[in-house]
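Novice: First the structure, which I've put down as structure tokens, then a few questions once you've had a look.
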Amino acid sequence: MKKTNTSRSGMTLKQKEALTGFTFILLPLISLIILMYYPIIRSFFISFFDWNLLTDPTYIGVENYKTLFADEVFLTSLGNTFKWVIIYVPMSVVTSFLLALLLDRKIKGAGFFRTFYYLPVVCPIVVVALLWVWIYNTDYGILNYLLGVVGIDPIGWLTDEKYSLIAIAIMSTWKWAGYNMLIFLSALQGIDESLYEAAALDGITPWQKLRYIKLPLIMPSIYFVMLTAVIDAFQMYTEIFIMTKGGPGYSTYTVSYYLWSNAFEYSKMGYACAMAVILFIIIMTITLIQNKFLNREYDT
């Protein structure tokens, strides 16, 4: 007869290993349930109530949702959010990818440049936002000073509706480019050198190398960066709060900022939770669409 490896407690080795594994993941699992899943479910529940945080919630059914889609400020903030995604995501992904291509070459001081480009990532977003507020200042900001040197009149980067979203997108791209750059760079450096050597024998051009070797092989990384960039863009709040407070007018009002305003300035917690539910549905829908069209080759 074959003996089973059991301990004095009567547990087999596999059972002990499974118990150890469950023990290690128990705390993160509890934290995930308490800090993520419970707030999501609770927000959905509160969205059917009128609640100002001071009195008892009053059930009003779907009135918050009806009001929401008749609210011009919400519709404006929703449009601004989509504009922000359209401006920021391509700008961020392309900038990060170009930096990664530049640093993928064997040049002196590559380590220094990687660190240099990554430094904004480790800086607190509040500090970065305040720094760029000074850079964009219409009267004494360094950016308008440099434009004046070449004869261009000062631009109200954060006070003109035509430039406000673009200005914040430039700042956010500068802030996060280093993070995405490292993802692209690690993917590029993971490509087998023998592929380049074989392609060189066929006389491949640099553009063909990029199109037929590099891009296809790093598509999972491109998909990941685009997915996270879209999710982060829909949740943008801190930059708006620090730099423009939603202005000028409502030109930089986003759903996240309007949600915060209703929850903590106007004490409309039920109304804010209804916005959170709509934002969750939008992000989930776009994520599923991206997963279908961008990652379909890797669903096996």
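So you can find residues: chains in the structure tokens are A, B, ... in the order shown, residues in each start at 1, and ligands are numbered from 1 in order.
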Give me, as a ChimeraX atom specification, the residues of stretch 36-256 of chain A that a backbone DSSP run labels strand (DSSP E).
Specialist: /A:49-50,58-59
Novice: I'd like the neighbourhood of stretch 95-111 of chain A as a ChimeraX atom specification, where a residue qualifies if any of its atoms comes within 8 Å (using only C-alpha atoms), though same-chain residues fewer than 4 positions away should be ignored.
Specialist: /A:91,115,173,177-178,180-182,184-185,188-189
Novice: What does the file look like for those residues with C-alpha atoms, as a PDB file, in the first residue's frame?
Specialist:
```pdb
ATOM      1  CA  MET A  91      -0.697  61.965 -26.506  1.00  0.00           C
ATOM      2  CA  THR A 115      15.938  57.797 -14.421  1.00  0.00           C
ATOM      3  CA  THR A 173       1.566  63.360 -20.199  1.00  0.00           C
ATOM      4  CA  ALA A 177       5.214  59.324 -19.598  1.00  0.00           C
ATOM      5  CA  GLY A 178       8.069  57.765 -17.649  1.00  0.00           C
ATOM      6  CA  ASN A 180       4.503  53.917 -19.565  1.00  0.00           C
ATOM      7  CA  MET A 181       7.934  54.341 -21.117  1.00  0.00           C
ATOM      8  CA  LEU A 182       9.382  51.671 -18.815  1.00  0.00           C
ATOM      9  CA  PHE A 184       7.306  49.777 -23.477  1.00  0.00           C
ATOM     10  CA  LEU A 185      11.051  49.651 -22.927  1.00  0.00           C
ATOM     11  CA  LEU A 188      11.194  46.144 -26.574  1.00  0.00           C
ATOM     12  CA  GLN A 189      14.232  44.765 -24.770  1.00  0.00           C
TER      13      GLN A 189
END
```
Novice: Which residue out of A:Ala233, A:Ile155, A:Ala187, A:Met219 has the minimum interatomic distance to A:Asn80 when only C-alpha atoms are used?
Specialist: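 Checking each of A:Ala233, A:Ile155, A:Ala187, A:Met219 against A:Asn80, counting only C-alpha atoms, the winner is A:Ala233.
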Novice: Write out as a PyMOL selection string the residues lying within 12 Å of A:Ile242, counting only C-alpha atoms and excluding same-chain residues fewer than 4 positions away.
Specialist: chain A and resi 125-134+158+168+236-238+246-247+252+257
Novice: With distances taken over only C-alpha atoms, which of A:Leu78, A:Val149, A:Val62, A:Val93 is nearest to A:Tyr258?
Specialist: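 Smallest distance to A:Tyr258 is found for A:Leu78.
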Novice: I'd like the interatomic distance between atom CA of A:Ile191 and atom CA of A:Ile204, to a tenth of an Å.
Specialist: 16.4 Å
Novice: Which distance in Å separates atom CA of A:Thr76 and atom CA of A:Gly249, to one decimal?
Specialist: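 Between atom CA of A:Thr76 and atom CA of A:Gly249 the gap is 10.8 Å.
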